[in-house]
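Text of coords.cif, listed as mmCIF, C-alpha atoms and all ligand atoms:
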```
data_my_file
loop_
_atom_site.label_atom_id
_atom_site.label_comp_id
_atom_site.auth_asym_id
_atom_site.auth_seq_id
_atom_site.Cartn_x
_atom_site.Cartn_y
_atom_site.Cartn_z
CA MET R 1 -5.20 -3.48 24.06
CA ALA R 2 -6.98 -2.79 20.73
CA VAL R 3 -5.69 -0.05 18.44
CA ASP R 4 -8.92 1.92 18.94
CA ASP R 5 -7.91 2.50 22.56
CA PHE R 6 -4.90 4.48 21.33
CA LEU R 7 -6.20 6.38 18.29
CA ARG R 8 -7.07 10.06 18.69
CA PRO R 9 -9.50 11.82 16.31
CA MET R 10 -8.05 14.73 14.28
CA LYS R 11 -8.58 17.00 11.28
CA PRO R 12 -6.47 16.29 8.17
CA ALA R 13 -3.77 18.74 7.01
CA MET R 14 -3.28 19.62 3.33
CA LYS R 15 0.23 19.41 1.89
CA GLY R 16 1.40 21.49 -1.08
CA GLY R 17 1.12 19.85 -4.52
CA SER R 18 -1.09 17.00 -3.36
CA THR R 19 -4.50 16.02 -4.77
CA GLY R 20 -6.10 16.16 -1.31
CA PRO R 21 -5.14 15.49 2.29
CA ARG R 22 -2.42 12.85 2.28
CA SER R 23 -3.50 9.48 3.68
CA VAL R 24 -0.37 9.48 5.89
CA SER R 25 1.37 12.52 7.41
CA PHE R 26 3.17 13.58 10.58
CA ASP R 27 2.44 16.22 13.20
CA ALA R 28 5.76 17.26 14.75
CA ASP R 29 4.08 19.34 17.48
CA THR R 30 2.29 16.35 19.00
CA ASN R 31 4.84 13.78 17.71
CA SER R 32 2.04 11.74 16.16
CA VAL R 33 1.33 10.01 12.85
CA CYS R 34 -1.86 11.20 11.12
CA LEU R 35 -3.90 8.62 9.24
CA LEU R 36 -7.22 8.24 7.45
CA ASP R 37 -8.82 5.21 9.14
CA GLN R 38 -9.27 2.92 6.13
CA ARG R 39 -11.19 0.30 8.12
CA LEU R 40 -14.22 2.58 8.21
CA LEU R 41 -14.35 3.51 4.53
CA PRO R 42 -16.53 4.00 2.56
CA HIS R 43 -19.03 4.38 5.40
CA ARG R 44 -17.16 6.91 7.52
CA VAL R 45 -14.32 9.36 6.82
CA VAL R 46 -12.42 9.50 10.10
CA TRP R 47 -8.93 10.92 10.57
CA VAL R 48 -6.92 9.70 13.52
CA ARG R 49 -3.47 10.13 15.01
CA THR R 50 -1.29 7.62 16.80
CA PRO R 51 0.25 9.03 20.00
CA ASP R 52 3.38 6.81 20.05
CA HIS R 53 5.36 4.35 17.92
CA ARG R 54 3.64 1.32 19.46
CA ALA R 55 0.24 2.69 18.44
CA THR R 56 1.64 3.36 14.94
CA ALA R 57 2.81 -0.26 14.67
CA GLN R 58 -0.59 -1.44 15.88
CA ALA R 59 -2.35 0.79 13.32
CA ILE R 60 -0.27 -0.82 10.56
CA ARG R 61 -1.02 -4.34 11.88
CA ASP R 62 -4.77 -3.63 12.21
CA MET R 63 -4.85 -2.03 8.73
CA VAL R 64 -6.00 1.41 9.88
CA VAL R 65 -3.39 2.27 7.24
CA ARG R 66 -2.62 -0.26 4.48
CA GLY R 67 -1.05 -0.55 1.03
CA ALA R 68 2.72 -0.92 0.62
CA PRO R 69 3.77 2.72 0.06
CA ALA R 70 1.35 3.97 2.74
CA ILE R 71 2.61 1.55 5.41
CA ALA R 72 6.16 2.47 4.36
CA ALA R 73 5.49 6.15 5.08
CA ALA R 74 3.70 5.21 8.32
CA ALA R 75 6.65 3.03 9.38
CA ALA R 76 9.20 5.74 8.50
CA TYR R 77 7.21 8.31 10.49
CA GLY R 78 6.65 5.77 13.28
CA LEU R 79 10.39 5.19 13.50
CA ALA R 80 11.09 8.94 13.65
CA GLN R 81 8.28 9.24 16.22
CA GLY R 82 9.82 6.50 18.39
CA ILE R 83 13.29 8.03 18.01
CA ARG R 84 11.89 11.37 19.19
CA GLU R 85 10.29 9.68 22.22
CA TYR R 86 13.77 9.19 23.75
CA GLY R 87 14.40 11.81 26.44
CA GLY R 88 18.04 11.13 27.38
CA ARG R 89 21.44 12.07 25.95
CA ASP R 90 23.29 8.75 26.32
CA LEU R 91 24.10 7.42 22.82
CA ARG R 92 24.50 3.77 23.84
CA ARG R 93 21.07 3.67 25.46
CA PHE R 94 19.66 5.67 22.57
CA ARG R 95 20.89 3.01 20.09
CA ALA R 96 19.22 0.23 22.11
CA HIS R 97 15.99 2.27 22.14
CA VAL R 98 16.17 2.78 18.34
CA ARG R 99 16.69 -0.97 17.80
CA GLN R 100 13.57 -1.75 19.83
CA VAL R 101 11.45 0.86 17.98
CA HIS R 102 12.70 -0.43 14.61
CA ALA R 103 11.91 -4.07 15.49
CA THR R 104 8.40 -3.15 16.70
CA LEU R 105 7.56 -1.44 13.41
CA LEU R 106 9.33 -3.99 11.20
CA ASN R 107 7.28 -6.85 12.59
CA ALA R 108 3.94 -5.11 12.07
CA ARG R 109 3.38 -6.52 8.55
CA PRO R 110 6.06 -8.68 6.94
CA THR R 111 5.31 -8.99 3.21
CA ALA R 112 5.77 -5.50 1.74
CA VAL R 113 9.41 -4.50 1.35
CA ASP R 114 8.63 -0.77 1.27
CA PRO R 115 8.55 -0.30 5.09
CA THR R 116 11.94 -2.04 5.40
CA ARG R 117 13.45 0.22 2.78
CA ALA R 118 11.82 3.38 4.12
CA MET R 119 13.02 2.69 7.67
CA GLN R 120 16.53 1.93 6.43
CA GLU R 121 16.60 5.40 4.85
CA VAL R 122 15.62 6.92 8.20
CA LEU R 123 18.34 4.95 10.03
CA ASP R 124 21.02 5.83 7.44
CA ALA R 125 20.18 9.54 7.66
CA MET R 126 20.03 9.45 11.45
CA ARG R 127 23.54 8.00 11.77
CA ARG R 128 24.97 11.19 10.22
CA GLY R 129 24.13 13.09 13.43
CA ARG R 130 26.53 13.20 16.38
CA THR R 131 24.23 13.93 19.33
CA VAL R 132 20.82 12.52 20.24
CA PRO R 133 18.91 15.74 19.32
CA GLU R 134 20.76 15.91 15.98
CA ARG R 135 19.85 12.29 15.25
CA GLN R 136 16.22 12.89 16.20
CA ALA R 137 15.98 15.86 13.82
CA LEU R 138 17.68 13.95 10.98
CA ALA R 139 15.35 10.95 11.45
CA LEU R 140 12.22 13.08 11.08
CA ALA R 141 13.64 14.95 8.07
CA ALA R 142 14.39 11.59 6.38
CA ALA R 143 10.88 10.28 7.06
CA GLU R 144 9.39 13.47 5.58
CA GLU R 145 11.73 13.17 2.60
CA PHE R 146 10.65 9.54 2.02
CA ALA R 147 6.94 10.42 2.11
CA HIS R 148 7.42 13.40 -0.20
CA ARG R 149 9.48 11.41 -2.71
CA SER R 150 7.00 8.53 -2.60
CA ALA R 151 4.19 10.92 -3.59
CA LEU R 152 6.30 12.38 -6.42
CA GLU R 153 7.18 8.90 -7.67
CA CYS R 154 3.52 7.93 -7.80
CA ARG R 155 2.80 11.06 -9.83
CA ALA R 156 5.64 10.15 -12.24
CA LEU R 157 4.28 6.61 -12.39
CA GLY R 158 0.99 8.04 -13.54
CA GLU R 159 2.66 9.92 -16.37
CA GLN R 160 4.60 6.82 -17.45
CA GLY R 161 1.40 4.75 -17.34
CA LEU R 162 -0.66 7.10 -19.50
CA ARG R 163 0.64 5.20 -22.54
CA LEU R 164 -1.47 2.20 -21.45
CA ILE R 165 -4.80 4.00 -21.12
CA HIS R 166 -6.50 4.55 -24.50
CA ASP R 167 -9.94 5.83 -25.38
CA GLY R 168 -12.53 3.09 -25.06
CA ILE R 169 -10.44 0.55 -23.14
CA SER R 170 -11.63 -1.47 -20.23
CA LEU R 171 -9.22 -2.50 -17.52
CA LEU R 172 -9.25 -4.64 -14.43
CA THR R 173 -7.58 -3.83 -11.11
CA HIS R 174 -7.35 -5.82 -7.89
CA CYS R 175 -7.29 -4.80 -4.22
CA ASN R 176 -6.62 -1.08 -3.71
CA ALA R 177 -3.52 0.40 -5.28
CA GLY R 178 -4.90 3.91 -5.12
CA ARG R 179 -4.27 7.12 -3.17
CA LEU R 180 -5.30 5.39 0.03
CA ALA R 181 -2.59 2.76 -0.41
CA CYS R 182 0.06 5.44 -0.99
CA VAL R 183 0.93 8.86 0.37
CA ASP R 184 -0.81 10.34 -2.69
CA HIS R 185 -1.89 9.56 -6.30
CA GLY R 186 -1.72 5.74 -6.01
CA THR R 187 0.28 3.28 -8.11
CA ALA R 188 -2.10 1.38 -10.42
CA THR R 189 -4.63 4.21 -10.16
CA ALA R 190 -2.17 7.06 -10.82
CA PRO R 191 -2.43 6.71 -14.64
CA LEU R 192 -6.22 6.48 -14.33
CA TYR R 193 -6.49 9.82 -12.54
CA LEU R 194 -4.28 11.51 -15.14
CA ALA R 195 -6.14 9.86 -18.04
CA ARG R 196 -9.41 11.08 -16.58
CA GLU R 197 -8.00 14.62 -16.28
CA ARG R 198 -7.04 14.47 -19.97
CA GLY R 199 -10.52 13.46 -21.05
CA ILE R 200 -9.67 9.85 -22.03
CA LYS R 201 -12.73 7.61 -21.74
CA PHE R 202 -12.25 4.19 -20.17
CA HIS R 203 -13.91 1.76 -17.79
CA VAL R 204 -12.49 0.06 -14.70
CA PHE R 205 -13.53 -3.30 -13.25
CA CYS R 206 -12.55 -3.54 -9.57
CA THR R 207 -12.43 -6.98 -8.05
CA GLU R 208 -14.20 -7.16 -4.73
CA THR R 209 -10.99 -8.54 -3.11
CA ARG R 210 -12.25 -10.79 -0.36
CA PRO R 211 -11.70 -11.20 2.50
CA ARG R 212 -11.17 -7.51 3.37
CA SER R 213 -12.92 -6.10 0.30
CA GLN R 214 -10.32 -3.43 -0.53
CA GLY R 215 -11.58 -3.35 -4.14
CA ALA R 216 -15.29 -3.02 -3.35
CA ALA R 217 -14.82 -0.63 -0.43
CA LEU R 218 -11.71 1.43 -1.20
CA THR R 219 -10.96 1.37 -4.94
CA ALA R 220 -14.62 1.87 -5.83
CA TRP R 221 -14.81 4.76 -3.31
CA GLU R 222 -11.74 6.43 -4.81
CA LEU R 223 -12.89 5.96 -8.41
CA ALA R 224 -16.37 7.26 -7.61
CA GLN R 225 -14.84 10.37 -6.04
CA ALA R 226 -12.76 10.95 -9.17
CA GLY R 227 -15.78 10.40 -11.44
CA ILE R 228 -14.20 7.36 -13.15
CA PRO R 229 -16.76 4.87 -14.53
CA HIS R 230 -16.30 1.53 -12.78
CA THR R 231 -18.00 -1.76 -11.91
CA ILE R 232 -17.31 -3.97 -8.89
CA VAL R 233 -17.06 -7.67 -9.76
CA PRO R 234 -16.83 -10.66 -7.44
CA ASP R 235 -13.33 -12.17 -7.43
CA THR R 236 -14.91 -15.31 -8.85
CA ALA R 237 -16.30 -13.48 -11.95
CA VAL R 238 -12.94 -12.62 -13.49
CA GLY R 239 -12.73 -15.79 -15.63
CA LEU R 240 -16.11 -15.11 -17.21
CA LEU R 241 -15.30 -11.41 -17.67
CA MET R 242 -12.15 -12.27 -19.59
CA GLN R 243 -13.83 -15.06 -21.56
CA GLN R 244 -16.42 -12.52 -22.71
CA ARG R 245 -13.54 -10.25 -23.89
CA ARG R 246 -14.61 -7.41 -21.61
CA VAL R 247 -11.12 -6.69 -20.24
CA ASP R 248 -8.30 -5.20 -22.38
CA LEU R 249 -5.62 -5.08 -19.73
CA VAL R 250 -4.94 -5.82 -16.08
CA LEU R 251 -3.18 -3.19 -13.95
CA VAL R 252 -2.31 -3.92 -10.31
CA GLY R 253 0.09 -2.70 -7.61
CA SER R 254 2.60 -4.76 -5.66
CA ASP R 255 4.07 -5.17 -2.20
CA ARG R 256 7.42 -6.56 -3.31
CA VAL R 257 8.93 -7.07 -6.75
CA LEU R 258 12.17 -9.03 -6.82
CA GLY R 259 14.68 -6.94 -8.76
CA ARG R 260 16.75 -10.03 -9.56
CA THR R 261 13.93 -12.20 -10.95
CA GLY R 262 10.94 -9.92 -11.68
CA ASP R 263 8.56 -12.04 -9.54
CA VAL R 264 5.66 -10.00 -8.14
CA THR R 265 4.08 -10.26 -4.68
CA ASN R 266 0.65 -8.71 -4.36
CA LYS R 267 -2.74 -9.12 -2.69
CA ILE R 268 -3.99 -12.69 -2.56
CA GLY R 269 -5.76 -13.51 -5.84
CA THR R 270 -3.34 -11.62 -8.06
CA TYR R 271 -1.66 -14.84 -9.21
CA GLN R 272 -4.94 -16.33 -10.43
CA LEU R 273 -5.74 -13.09 -12.30
CA ALA R 274 -2.35 -13.33 -14.06
CA VAL R 275 -2.96 -16.98 -15.01
CA LEU R 276 -6.38 -16.09 -16.42
CA ALA R 277 -4.98 -13.06 -18.24
CA ARG R 278 -2.33 -15.25 -19.91
CA ARG R 279 -4.98 -17.84 -20.85
CA HIS R 280 -6.97 -15.09 -22.59
CA GLY R 281 -4.03 -13.18 -24.13
CA ILE R 282 -4.65 -10.07 -21.96
CA PRO R 283 -1.59 -7.96 -20.99
CA PHE R 284 -0.83 -7.91 -17.27
CA TYR R 285 0.96 -4.83 -15.85
CA VAL R 286 2.24 -4.04 -12.36
CA ALA R 287 2.74 -0.42 -11.21
CA ILE R 288 5.29 0.30 -8.45
CA PRO R 289 7.29 3.11 -6.87
CA LEU R 290 11.01 2.35 -6.48
CA SER R 291 10.60 1.44 -2.79
CA THR R 292 8.72 -1.73 -3.85
CA LEU R 293 11.83 -3.20 -5.49
CA ASP R 294 13.65 -5.78 -3.40
CA TRP R 295 17.25 -6.05 -4.64
CA HIS R 296 18.25 -8.40 -1.87
CA LEU R 297 16.19 -11.63 -2.09
CA ARG R 298 17.28 -14.10 -4.77
CA SER R 299 14.23 -16.37 -4.86
CA PRO R 300 10.46 -15.87 -4.45
CA ARG R 301 10.56 -18.73 -1.93
CA GLN R 302 12.28 -16.31 0.48
CA ILE R 303 9.36 -13.85 0.46
CA PRO R 304 7.49 -13.84 3.80
CA ILE R 305 3.77 -14.29 3.16
CA GLU R 306 1.63 -12.76 5.88
CA GLU R 307 -1.15 -14.95 7.25
CA ARG R 308 -3.90 -12.99 8.93
CA ASP R 309 -6.62 -13.89 11.41
CA ALA R 310 -9.08 -16.53 10.15
CA GLU R 311 -11.92 -14.31 11.39
CA GLU R 312 -11.37 -12.07 8.33
CA VAL R 313 -12.44 -14.99 6.12
CA LEU R 314 -15.19 -16.28 8.40
CA CYS R 315 -16.81 -12.86 8.78
CA ALA R 316 -17.67 -9.86 6.59
CA ARG R 317 -17.61 -6.20 7.50
CA GLY R 318 -19.99 -3.52 6.26
CA ALA R 319 -22.73 -1.12 7.24
CA PRO R 320 -26.41 -2.10 7.60
CA VAL R 321 -28.46 -1.30 4.50
CA VAL R 322 -30.65 1.83 4.78
CA PRO R 323 -33.40 2.96 2.38
CA LYS R 324 -32.09 4.85 -0.69
CA GLY R 325 -31.89 8.60 -0.01
CA SER R 326 -31.88 8.12 3.77
CA ARG R 327 -29.67 10.49 5.75
CA ILE R 328 -28.95 7.87 8.39
CA ARG R 329 -25.32 6.76 8.30
CA PRO R 330 -25.22 3.48 10.18
CA GLU R 331 -22.09 2.34 12.02
CA PRO R 332 -20.01 -0.33 10.24
CA ILE R 333 -20.51 -3.76 11.80
CA THR R 334 -19.01 -7.25 11.49
CA VAL R 335 -21.26 -10.23 10.71
CA ARG R 336 -20.41 -13.93 10.72
CA VAL R 337 -20.83 -15.54 7.29
CA ALA R 338 -19.21 -18.94 7.70
CA ASN R 339 -20.36 -22.02 9.52
CA PRO R 340 -19.60 -21.37 13.22
CA GLY R 341 -16.66 -23.45 14.37
CA SER R 342 -15.22 -24.16 10.90
CA PRO R 343 -11.57 -23.18 10.52
CA ALA R 344 -10.21 -20.99 7.72
CA TRP R 345 -6.84 -20.20 6.09
CA ASN R 346 -6.15 -16.54 5.38
CA PRO R 347 -2.93 -15.84 3.43
CA ALA R 348 -2.87 -12.11 2.60
CA PHE R 349 -0.58 -12.18 -0.45
CA ASP R 350 0.54 -14.43 -3.30
CA ILE R 351 3.38 -14.45 -5.78
CA THR R 352 2.97 -14.05 -9.53
CA PRO R 353 5.91 -15.53 -11.45
CA ALA R 354 7.73 -13.08 -13.72
CA GLU R 355 6.80 -15.10 -16.83
CA LEU R 356 3.13 -14.06 -16.40
CA VAL R 357 3.92 -10.33 -16.14
CA THR R 358 3.87 -8.22 -19.32
CA GLY R 359 5.49 -5.13 -17.83
CA ILE R 360 6.52 -3.37 -14.64
CA LEU R 361 5.55 0.28 -14.68
CA THR R 362 7.92 2.46 -12.63
CA PRO R 363 8.42 6.21 -12.20
CA VAL R 364 11.35 5.99 -14.63
CA GLY R 365 9.74 3.87 -17.35
CA LEU R 366 8.14 0.59 -18.33
CA PHE R 367 10.29 -2.55 -18.06
CA LYS R 368 9.87 -6.24 -18.77
CA PRO R 369 10.35 -8.19 -15.50
CA GLY R 370 13.60 -9.64 -16.86
CA GLU R 371 14.99 -6.16 -17.56
CA LEU R 372 14.91 -4.89 -13.97
CA TRP R 373 18.32 -6.15 -12.93
CA ALA R 374 20.07 -4.75 -16.04
CA ASN R 375 18.46 -1.35 -15.30
CA ARG R 376 19.04 -1.50 -11.55
CA HIS R 377 21.02 1.73 -11.27
CA ALA R 378 18.23 3.76 -12.91
CA LEU R 379 15.80 1.95 -10.60
CA GLY R 380 17.42 3.01 -7.33
CA TYR R 381 19.44 -0.16 -6.68
CA ARG R 382 20.69 -0.32 -3.09
CA THR R 383 23.43 -2.65 -1.99
CA GLY R 384 23.47 -4.10 1.51
CA SER R 385 22.61 -7.33 3.23
CA GLY R 386 18.96 -6.53 3.85
CA THR R 387 19.68 -6.44 7.60
CA ALA R 388 19.05 -3.06 9.23
CA ARG R 389 22.03 -1.08 10.60
CA VAL R 390 21.00 0.98 13.59
C1 LIG K 401 0.07 0.59 -3.98
S1 LIG K 401 -0.64 -0.67 -3.26
C2 LIG K 401 0.04 -2.20 -3.80
C3 LIG K 401 -0.29 -3.22 -2.81
O1 LIG K 401 0.13 -2.78 -1.55
C4 LIG K 401 -1.79 -3.54 -2.77
O2 LIG K 401 -2.19 -4.03 -3.99
C5 LIG K 401 -2.00 -4.55 -1.71
O3 LIG K 401 -1.81 -5.72 -1.92
C6 LIG K 401 -2.35 -4.03 -0.38
O4 LIG K 401 -2.63 -5.04 0.54
P1 LIG K 401 -3.20 -4.66 1.95
O5 LIG K 401 -3.30 -5.98 2.65
O6 LIG K 401 -4.52 -4.01 1.73
O7 LIG K 401 -2.20 -3.74 2.60
#
```
Mind turning the file's structure into structure tokens?
Amino acid sequence: MAVDDFLRPMKPAMKGGSTGPRSVSFDADTNSVCLLDQRLLPHRVVWVRTPDHRATAQAIRDMVVRGAPAIAAAAAYGLAQGIREYGGRDLRRFRAHVRQVHATLLNARPTAVDPTRAMQEVLDAMRRGRTVPERQALALAAAEEFAHRSALECRALGEQGLRLIHDGISLLTHCNAGRLACVDHGTATAPLYLARERGIKFHVFCTETRPRSQGAALTAWELAQAGIPHTIVPDTAVGLLMQQRRVDLVLVGSDRVLGRTGDVTNKIGTYQLAVLARRHGIPFYVAIPLSTLDWHLRSPRQIPIEERDAEEVLCARGAPVVPKGSRIRPEPITVRVANPGSPAWNPAFDITPAELVTGILTPVGLFKPGELWANRHALGYRTGSGTARV
């Protein structure tokens, strides 16, 4: 069954200290995860809620919610939601139920490490309870705590990143590493929002980010709402843009940074941006909350790269064009672009080697990729095998 068969429309709730309704939140009364449906942006602003953990996993897989910190919060809430679905008192059966809920959410999208880490926090907190109801309450409190801390970390990231944004600069970002991709504030965009608030003048180039167009649809939407001057460029125009010296720095997010090596996984196309940036002597920065650090994997070859449906490459999604000034808001549609019957390959992420990365911006400071391991304790290092303990 498609995710749309499960989603329920809703009104967003505001949380204290946030810059707007959070893109991911939880409603304890209905035991549902509340999401802004990112597949419909910028054409429609529709808030939905997922009635059970299976629907939450499906919403992550179908990219109703996307972006590493946002899917981490959704997975943490989804785990708490599934844990709260259990009606019995028997601890042995409860553990088996938790294992099944955890596996369902873990398999939704494999590349970002943030959901794994967020769900481990929920499981660790839950184990402190003795009875089923105690464990259910602790699981939800831990999911709320993760989402809250994630938002605070993104805000701190913004403050740390202000040092990169000077009057008159022009920067390039890829995919969407904004508020939509996080609980709040964004990663790569967090310094931009703060810089804008402080009256710094700068320009942002957003890559279109085919095949799902997160840059053209989501980053441009966010920047327009914040009044930040920006230009959408085709992914294929970046070489020319850099050759013409129109970019001073590149700032992107990430789905998994290896704490041991400094290698960076991010949206497909990031690697070629980093190669071009090096060719043109342009600094290349990556902004991450602490949940994006993977302290477990030793080699980038171990990183699982998600491959998505070929249809995303063969087709394009958008809304029909209407005359300027028209009040009609047409429904988003999918159109076929490619030659019917031709196959396509659709890897969703790539890996940028540490040697191409100038700096990793974190909530606790700016580090060279090779400095992460030496600073691991300040960066929230977690021991463990990487295998979940339920
Ligand atoms: C803070 S977002 C960092 C990354 O998650 C982002 O750049 C990205 O690659 C998102 O990919 P997506 O496939 O849209 O979930």
Expected selection as a PDB file with C-alpha atoms, keeping the file's coordinate frame for ligand LIG 401 (chain K) within 7 Å, all atoms listed in the file:
```pdb
ATOM      1  CA  MET R  63      -4.850  -2.030   8.730  1.00  0.00           C
ATOM      2  CA  ARG R  66      -2.620  -0.260   4.480  1.00  0.00           C
ATOM      3  CA  GLY R  67      -1.050  -0.550   1.030  1.00  0.00           C
ATOM      4  CA  ALA R  68       2.720  -0.920   0.620  1.00  0.00           C
ATOM      5  CA  PRO R  69       3.770   2.720   0.060  1.00  0.00           C
ATOM      6  CA  HIS R 174      -7.350  -5.820  -7.890  1.00  0.00           C
ATOM      7  CA  CYS R 175      -7.290  -4.800  -4.220  1.00  0.00           C
ATOM      8  CA  ASN R 176      -6.620  -1.080  -3.710  1.00  0.00           C
ATOM      9  CA  ALA R 177      -3.520   0.400  -5.280  1.00  0.00           C
ATOM     10  CA  GLY R 178      -4.900   3.910  -5.120  1.00  0.00           C
ATOM     11  CA  ALA R 181      -2.590   2.760  -0.410  1.00  0.00           C
ATOM     12  CA  CYS R 182       0.060   5.440  -0.990  1.00  0.00           C
ATOM     13  CA  GLY R 186      -1.720   5.740  -6.010  1.00  0.00           C
ATOM     14  CA  THR R 187       0.280   3.280  -8.110  1.00  0.00           C
ATOM     15  CA  ALA R 188      -2.100   1.380 -10.420  1.00  0.00           C
ATOM     16  CA  GLN R 214     -10.320  -3.430  -0.530  1.00  0.00           C
ATOM     17  CA  VAL R 252      -2.310  -3.920 -10.310  1.00  0.00           C
ATOM     18  CA  GLY R 253       0.090  -2.700  -7.610  1.00  0.00           C
ATOM     19  CA  SER R 254       2.600  -4.760  -5.660  1.00  0.00           C
ATOM     20  CA  ASP R 255       4.070  -5.170  -2.200  1.00  0.00           C
ATOM     21  CA  ASN R 266       0.650  -8.710  -4.360  1.00  0.00           C
ATOM     22  CA  LYS R 267      -2.740  -9.120  -2.690  1.00  0.00           C
ATOM     23  CA  ILE R 288       5.290   0.300  -8.450  1.00  0.00           C
ATOM     24  CA  ALA R 348      -2.870 -12.110   2.600  1.00  0.00           C
ATOM     25  CA  PHE R 349      -0.580 -12.180  -0.450  1.00  0.00           C
TER      26      PHE R 349
END
```
For this session: For each of R:Val247, R:Val24, R:Ala354, R:Leu41, take the minimum atom-to-atom distance to R:Arg179, counting all atoms listed in the file, then give the residue where this is smallest.
Result: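 Nearest candidate to R:Arg179 out of R:Val247, R:Val24, R:Ala354, R:Leu41: R:Val24.
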Problem set entry | Long-range neighbours of stretch 87-95 of chain R as a VMD selection string, 7 Å cut-off, all atoms listed in the file, 2 positions minimum in chain | chain R and resid 85 97 to 99 132 390
For this session: Excluding R:Leu194 and residues on its chain fewer than 6 positions from it, collect all residues at most 8 Å away from it, counting all atoms listed in the file, and give them as a list in words.
Result: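 The residues satisfying every condition are Gly158, Glu159 and Leu162 of chain R.
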Exercise. Which polymer residues have any atom within 7 Å of an atom of stretch 138-141 of chain R, counting only C-alpha atoms, with same-chain residues fewer than 5 positions away left out, as a ChimeraX atom specification?
Worked result: /R:77,80,122-123,125-126,129
For this session: Could you check how far atom CA of R:Ile83 sits from atom CA of R:Asp52, in Å to one decimal?
Result: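 Straight-line distance from atom CA of R:Ile83 to atom CA of R:Asp52 works out to 10.2 Å.
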For this session: Would you please work out which residue, of R:Pro330, R:Pro304, R:Pro343, R:Gly227, is nearest to R:Gly318 when using only C-alpha atoms?
Result: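 Counting only C-alpha atoms, the residue closest to R:Gly318 is R:Pro330.
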Exercise. Which one is closest to R:Pro283: R:Glu144, R:Glu222, R:Asp235, R:Glu355? Count all atoms listed in the file.
Worked result: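 Among the listed residues, the smallest separation from R:Pro283 belongs to R:Glu355.
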Edge lengths and centre in Å, axis-aligned, stretch 333-350 of chain R plus 6 Å each side, as AutoDock Vina command-line options:
```
--center_x -10.4 --center_y -14.0 --center_z 5.5 --size_x 33.8 --size_y 32.4 --size_z 29.7
```
For this session: Might you pull out every residue within 8 Å of stretch 269-281 of chain R, with all atoms listed in the file counted and same-chain residues fewer than 6 positions away left off, and present them as a ChimeraX atom specification?
Result: /R:174,209,235,238-239,242-243,250,349-353,356-357
Problem set entry | Contacts of R:Glu153 at 9 Å (all atoms listed in the file; same-chain gap of 6+ positions) as a ChimeraX atom specification | /R:187,288-290,362-364
For this session: For atom CA of R:Pro42 and atom CA of R:Ala216, determine how far apart the two atoms are, in Å to one decimal place.
Result: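 Straight-line distance from atom CA of R:Pro42 to atom CA of R:Ala216 works out to 9.3 Å.
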Exercise. In Å to one decimal, how far is atom CA of R:Arg149 from atom CA of R:Val46?
Worked result: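 So the answer is 25.4 Å.
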